[in-house]
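Here is the structure we will look at.
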Amino acid sequence: MTLYENLYGRQFNSPVSWFEPGEVSLLGTNLVHDALERVKLIQEWLRTTQSKQKSYADRKVSDVAYMEGEKKYREDRSHILDFSMVQLDENLMYEEEPVAILD
């Protein structure tokens, strides 16, 4: 029993025997041509969609420059991190210590 039969419980049917030899060559060129046309159409749709997304994103993005004192930020000392309390070893590693037990 083949792997396919074990997985799906039926015999594998190959598309090789579905057509006559002369018929396959005629269908093959048309199939390839149709597939290439569809690929070109899909690529065109993707380019159009990407262009729409880019134009939408470009409208939302703007360069903003702030001067000191013009930002609307309320200073809070709890936002400042003090790195002098952290002891780093030669591998730039540190040992974590629990602050509080919650449970």
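Identifiers in the structure tokens: chain A, B, ... in order shown; residue index from 1 per chain; ligand index from 1 in order shown.
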
Problem set entry | Contacts of Gln11 (chain A) at 9 Å (only C-alpha atoms; same-chain gap of 4+ positions) as a PyMOL selection string | chain A and resi 2+4-5

As an mmCIF file with all heavy atoms, in the first residue's frame, please: all residues of region 56-87 of chain A that backbone DSSP puts in alpha helix (DSSP H).
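And here's out29.cif as it stands now:
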```
data_model
loop_
_atom_site.group_PDB
_atom_site.id
_atom_site.type_symbol
_atom_site.label_atom_id
_atom_site.label_comp_id
_atom_site.auth_asym_id
_atom_site.auth_seq_id
_atom_site.Cartn_x
_atom_site.Cartn_y
_atom_site.Cartn_z
ATOM 1 N N TYR A 56 -2.706 55.547 0.043
ATOM 2 C CA TYR A 56 -3.428 55.739 1.302
ATOM 3 C C TYR A 56 -2.450 55.950 2.451
ATOM 4 O O TYR A 56 -2.620 56.854 3.269
ATOM 5 C CB TYR A 56 -4.323 54.535 1.591
ATOM 6 C CG TYR A 56 -5.055 54.639 2.905
ATOM 7 C CD1 TYR A 56 -6.173 55.455 3.028
ATOM 8 C CD2 TYR A 56 -4.628 53.939 4.017
ATOM 9 C CE1 TYR A 56 -6.838 55.562 4.226
ATOM 10 C CE2 TYR A 56 -5.285 54.040 5.220
ATOM 11 C CZ TYR A 56 -6.394 54.850 5.323
ATOM 12 O OH TYR A 56 -7.043 54.954 6.517
ATOM 13 N N ALA A 57 -1.405 55.135 2.502
ATOM 14 C CA ALA A 57 -0.417 55.263 3.574
ATOM 15 C C ALA A 57 0.346 56.574 3.462
ATOM 16 O O ALA A 57 0.656 57.217 4.467
ATOM 17 C CB ALA A 57 0.548 54.082 3.541
ATOM 18 N N ASP A 58 0.656 57.014 2.236
ATOM 19 C CA ASP A 58 1.383 58.267 2.047
ATOM 20 C C ASP A 58 0.571 59.471 2.508
ATOM 21 O O ASP A 58 1.119 60.459 2.976
ATOM 22 C CB ASP A 58 1.779 58.440 0.578
ATOM 23 C CG ASP A 58 2.889 57.501 0.168
ATOM 24 O OD1 ASP A 58 3.525 56.912 1.073
ATOM 25 O OD2 ASP A 58 3.114 57.339 -1.044
ATOM 26 N N ARG A 59 -0.756 59.393 2.369
ATOM 27 C CA ARG A 59 -1.588 60.493 2.845
ATOM 28 C C ARG A 59 -1.579 60.577 4.369
ATOM 29 O O ARG A 59 -1.720 61.653 4.934
ATOM 30 C CB ARG A 59 -3.034 60.324 2.368
ATOM 31 C CG ARG A 59 -3.228 60.766 0.940
ATOM 32 C CD ARG A 59 -4.680 60.720 0.549
ATOM 33 N NE ARG A 59 -4.997 59.351 0.162
ATOM 34 C CZ ARG A 59 -6.146 58.749 0.388
ATOM 35 N NH1 ARG A 59 -7.114 59.360 0.994
ATOM 36 N NH2 ARG A 59 -6.341 57.516 -0.007
ATOM 37 N N LYS A 60 -1.428 59.439 5.046
ATOM 38 C CA LYS A 60 -1.472 59.408 6.503
ATOM 39 C C LYS A 60 -0.129 59.738 7.148
ATOM 40 O O LYS A 60 -0.063 60.085 8.314
ATOM 41 C CB LYS A 60 -1.926 58.019 6.996
ATOM 42 C CG LYS A 60 -3.313 57.634 6.536
ATOM 43 C CD LYS A 60 -4.344 58.530 7.146
ATOM 44 C CE LYS A 60 -5.736 58.150 6.691
ATOM 45 N NZ LYS A 60 -6.751 59.029 7.202
#
```
